[in-house]
Amino acid sequence: MTQSTATDPAADRALKARHRAMWALGDYPAVAIDLIPDLGPALVAATGVRAGDRVLDVAGGTGNAAVPAALAGADVIASDLTPELFPAGREFAARHGATVAFEEGDAEALPYADGSFDVVLSCVGVMFAPHHQRAADELLRVCRPGGRIGLLSWTPTGFVGELFRTMKPYAPPPPPGAQPPPLWGDEDHVRGLLGDQVTDVVAQRQTLGVEQFPTPEAWREYWKTVYGPTIAVYRHMAGDPEEVAALDRDLTDLAVRYDRGTGSTVLDWEYLIITARKQG
Ligand SMILES: C[S@@+](CC[C@H](N)C(=O)[O-])C[C@H]1O[C@@H](n2cnc3c(N)ncnc32)[C@H](O)[C@@H]1O
């Protein structure tokens with residue numbers, strides 16, 4: 001087993017409390033339900049979730065992967081740091097006639113016994129836990145020997161990876177030891193995290209076409225009101241209109257660079273799906 005870096009427990013609790021507050025900002029359920037609803041089913045299909053599987057969706061938010069897994073007949077828990085998202089998740093599950101248990105939990109210290117699940121999934125979720133090896137060790141620990149792991153993450157060079165790079169100069173410096181989320185979209189990084197505890201690793205890059213916005217500016221204004229990490233950066237520099245205007249320009253430029261639409265904006269958001277089997 002790979003060693004994870006030690007962190008002061010009080011500092012870690014404070015960091016996780018800040019992350020929880022950040023993901024509760026804005027309207028993340030709108031992002032999940034309006035923009036990226038295809039990602040959960042894509043991950044469930046790639047991982048081959050079957051009826052009767054015991055499935056854990058880590059950093060599952062409103063159940064983007066958990067709901068399609070439950071509809072495939074699995075017995076599913078969606079675990080997340082931010083229980084403020086669970087009411088929308090329960091509504092989403094009920095709307096689809098799916099039964100999902102929503103439970104609070106930190107991906108870096110999952111509240112489940114070793115080997116509890118046949119399948120452990122995370123859809124643009126575990127990538128936001130700051131200590132990558134610690135989180136990867138937890139995914140592996142709660143998966144039974146011979147079970148499957150399926151991870152879907154934004155790539156570092158795709159739209160959302162670039163979004164985080166664009167926001168970085170405007171954000172407070174990350175705490176020591178915290179790693180950038182889009183690294184989970186780098187195949188070599190994830191292979192390194194999972195190490196020799198897995199076999200049958202399959203990686204595929206795909207893109208999600210985001211077509212809901214007429215212009216790059218319309219995307220930016222929507223994103224500034226719904227997406228916690230972006231809202232948090234704008235709050236950090238509130239009171240500095242020049243910085244706000246500069247980030248506005250940078251976000252618009254980002255969307256212009258990725259826009260392949262004609263007449264209306266079409267943004268391609270690249271992600272990586274990695275599936276693997278835990279050594280038996
Ligand atoms: C982009 S959202 C993805 C949610 C969901 N999987 C989806 O596909 O819509 C990221 C999620 O990671 C959760 N998260 C962030 N840090 C976490 C941590 N340390 N442990 C568990 N969940 C975490 C957030 O609360 C949020 O729900």
# chains A, B, ... in the order shown; residues from 1 in each chain; ligands from 1
$ select_by_dssp --residues "range 23-220 of chain A" --states "helix (DSSP H, G or I)" --output "PyMOL selection string"
chain A and resi 23-24+28-35+39-47+66-71+83-95+126-128+132-142+159-170+181-185+187-197+216-220
$ select_by_dssp --residues "range 1-172 of chain A" --states "strand (DSSP E)" --output "PyMOL selection string"
chain A and resi 54-58+75-80+100-104+117-123+143-154
$ closest_residue --among "A:Arg50, A:Arg165, A:His132, A:His236" --to "ligand 1" --atoms "only C-alpha atoms and all ligand atoms"
A:His132
$ residues_around --residues "range 25-35 of chain A" --least-positions-apart "6" --cutoff "10 Å" --atoms "only C-alpha atoms" --output "PyMOL selection string"
chain A and resi 61-64+84-89+92+208-212+222-232
$ residues_around --residues "Ala109 in chain A" --least-positions-apart "3" --cutoff "9 Å" --atoms "only C-alpha atoms" --output "compact mmCIF listing (two decimals) with C-alpha atoms, in the first residue's frame"
# COMPACT_ATOMS: atom_id res chain seq x y z
CA GLY A 105 -18.58 11.08 4.25
CA ASP A 106 -15.12 12.37 3.41
CA TYR A 112 -17.25 1.92 5.60
CA ARG A 134 -5.20 9.16 0.69
CA ALA A 135 -8.41 9.22 -1.36
CA GLU A 138 -9.77 4.70 0.53
$ closest_residue --among "A:Ile77, A:Leu194, A:Ala246, A:Leu121" --to "ligand 1" --atoms "only C-alpha atoms and all ligand atoms"
A:Leu121
$ decode --residues "range 158-224 of chain A" --atoms "C-alpha atoms" --output "PDB file, in the first residue's frame"
ATOM      1  CA  GLY A 158      -9.540  20.040 -21.280  1.00  0.00           C
ATOM      2  CA  PHE A 159     -11.992  22.878 -20.616  1.00  0.00           C
ATOM      3  CA  VAL A 160     -12.497  22.326 -16.883  1.00  0.00           C
ATOM      4  CA  GLY A 161      -8.757  21.741 -16.292  1.00  0.00           C
ATOM      5  CA  GLU A 162      -8.121  25.057 -18.061  1.00  0.00           C
ATOM      6  CA  LEU A 163     -10.895  26.668 -16.013  1.00  0.00           C
ATOM      7  CA  PHE A 164      -9.075  25.792 -12.778  1.00  0.00           C
ATOM      8  CA  ARG A 165      -5.766  27.048 -14.228  1.00  0.00           C
ATOM      9  CA  THR A 166      -7.484  30.284 -15.251  1.00  0.00           C
ATOM     10  CA  MET A 167      -8.934  30.859 -11.775  1.00  0.00           C
ATOM     11  CA  LYS A 168      -5.731  29.972  -9.880  1.00  0.00           C
ATOM     12  CA  PRO A 169      -4.023  33.415  -9.942  1.00  0.00           C
ATOM     13  CA  TYR A 170      -7.200  34.968  -8.515  1.00  0.00           C
ATOM     14  CA  ALA A 171      -7.736  32.375  -5.755  1.00  0.00           C
ATOM     15  CA  PRO A 172      -6.121  32.149  -2.324  1.00  0.00           C
ATOM     16  CA  PRO A 173      -3.061  29.847  -2.369  1.00  0.00           C
ATOM     17  CA  PRO A 174      -3.986  26.194  -1.784  1.00  0.00           C
ATOM     18  CA  PRO A 175      -3.072  24.773   1.633  1.00  0.00           C
ATOM     19  CA  PRO A 176       0.233  22.876   1.840  1.00  0.00           C
ATOM     20  CA  GLY A 177      -0.108  19.331   0.520  1.00  0.00           C
ATOM     21  CA  ALA A 178      -3.327  19.929  -1.443  1.00  0.00           C
ATOM     22  CA  GLN A 179      -3.073  18.690  -5.033  1.00  0.00           C
ATOM     23  CA  PRO A 180      -4.811  20.093  -8.147  1.00  0.00           C
ATOM     24  CA  PRO A 181      -8.104  18.300  -8.944  1.00  0.00           C
ATOM     25  CA  PRO A 182      -7.538  17.858 -12.714  1.00  0.00           C
ATOM     26  CA  LEU A 183      -4.501  15.626 -12.070  1.00  0.00           C
ATOM     27  CA  TRP A 184      -7.099  12.847 -11.676  1.00  0.00           C
ATOM     28  CA  GLY A 185      -7.726  13.318 -15.389  1.00  0.00           C
ATOM     29  CA  ASP A 186      -4.150  12.306 -16.161  1.00  0.00           C
ATOM     30  CA  GLU A 187      -3.984   8.580 -16.844  1.00  0.00           C
ATOM     31  CA  ASP A 188      -0.418   8.119 -15.552  1.00  0.00           C
ATOM     32  CA  HIS A 189      -1.251   9.927 -12.319  1.00  0.00           C
ATOM     33  CA  VAL A 190      -4.241   7.669 -11.639  1.00  0.00           C
ATOM     34  CA  ARG A 191      -2.322   4.523 -12.577  1.00  0.00           C
ATOM     35  CA  GLY A 192       0.326   5.640 -10.068  1.00  0.00           C
ATOM     36  CA  LEU A 193      -2.297   6.220  -7.341  1.00  0.00           C
ATOM     37  CA  LEU A 194      -3.929   2.808  -7.836  1.00  0.00           C
ATOM     38  CA  GLY A 195      -0.540   1.121  -8.221  1.00  0.00           C
ATOM     39  CA  ASP A 196      -0.212  -2.640  -8.152  1.00  0.00           C
ATOM     40  CA  GLN A 197      -3.474  -3.093  -6.251  1.00  0.00           C
ATOM     41  CA  VAL A 198      -5.396  -3.169  -9.533  1.00  0.00           C
ATOM     42  CA  THR A 199      -5.419  -5.064 -12.824  1.00  0.00           C
ATOM     43  CA  ASP A 200      -7.329  -4.656 -16.106  1.00  0.00           C
ATOM     44  CA  VAL A 201      -6.922  -0.889 -16.192  1.00  0.00           C
ATOM     45  CA  VAL A 202      -8.777   0.688 -19.120  1.00  0.00           C
ATOM     46  CA  ALA A 203      -8.583   4.421 -19.808  1.00  0.00           C
ATOM     47  CA  GLN A 204     -10.587   6.379 -22.353  1.00  0.00           C
ATOM     48  CA  ARG A 205     -10.790  10.100 -23.052  1.00  0.00           C
ATOM     49  CA  GLN A 206     -14.128  11.475 -24.182  1.00  0.00           C
ATOM     50  CA  THR A 207     -15.796  14.854 -24.527  1.00  0.00           C
ATOM     51  CA  LEU A 208     -19.085  16.241 -23.356  1.00  0.00           C
ATOM     52  CA  GLY A 209     -20.604  18.840 -25.688  1.00  0.00           C
ATOM     53  CA  VAL A 210     -22.072  21.700 -23.642  1.00  0.00           C
ATOM     54  CA  GLU A 211     -24.609  23.468 -25.846  1.00  0.00           C
ATOM     55  CA  GLN A 212     -26.899  25.220 -23.382  1.00  0.00           C
ATOM     56  CA  PHE A 213     -25.419  28.725 -23.785  1.00  0.00           C
ATOM     57  CA  PRO A 214     -25.963  31.170 -26.656  1.00  0.00           C
ATOM     58  CA  THR A 215     -22.656  32.989 -26.041  1.00  0.00           C
ATOM     59  CA  PRO A 216     -19.425  32.580 -24.010  1.00  0.00           C
ATOM     60  CA  GLU A 217     -20.596  35.449 -21.788  1.00  0.00           C
ATOM     61  CA  ALA A 218     -23.876  33.639 -21.074  1.00  0.00           C
ATOM     62  CA  TRP A 219     -21.885  30.592 -19.902  1.00  0.00           C
ATOM     63  CA  ARG A 220     -19.678  32.822 -17.711  1.00  0.00           C
ATOM     64  CA  GLU A 221     -22.608  34.573 -16.042  1.00  0.00           C
ATOM     65  CA  TYR A 222     -24.377  31.255 -15.381  1.00  0.00           C
ATOM     66  CA  TRP A 223     -21.172  29.671 -14.057  1.00  0.00           C
ATOM     67  CA  LYS A 224     -20.534  32.612 -11.686  1.00  0.00           C
TER      68      LYS A 224
END
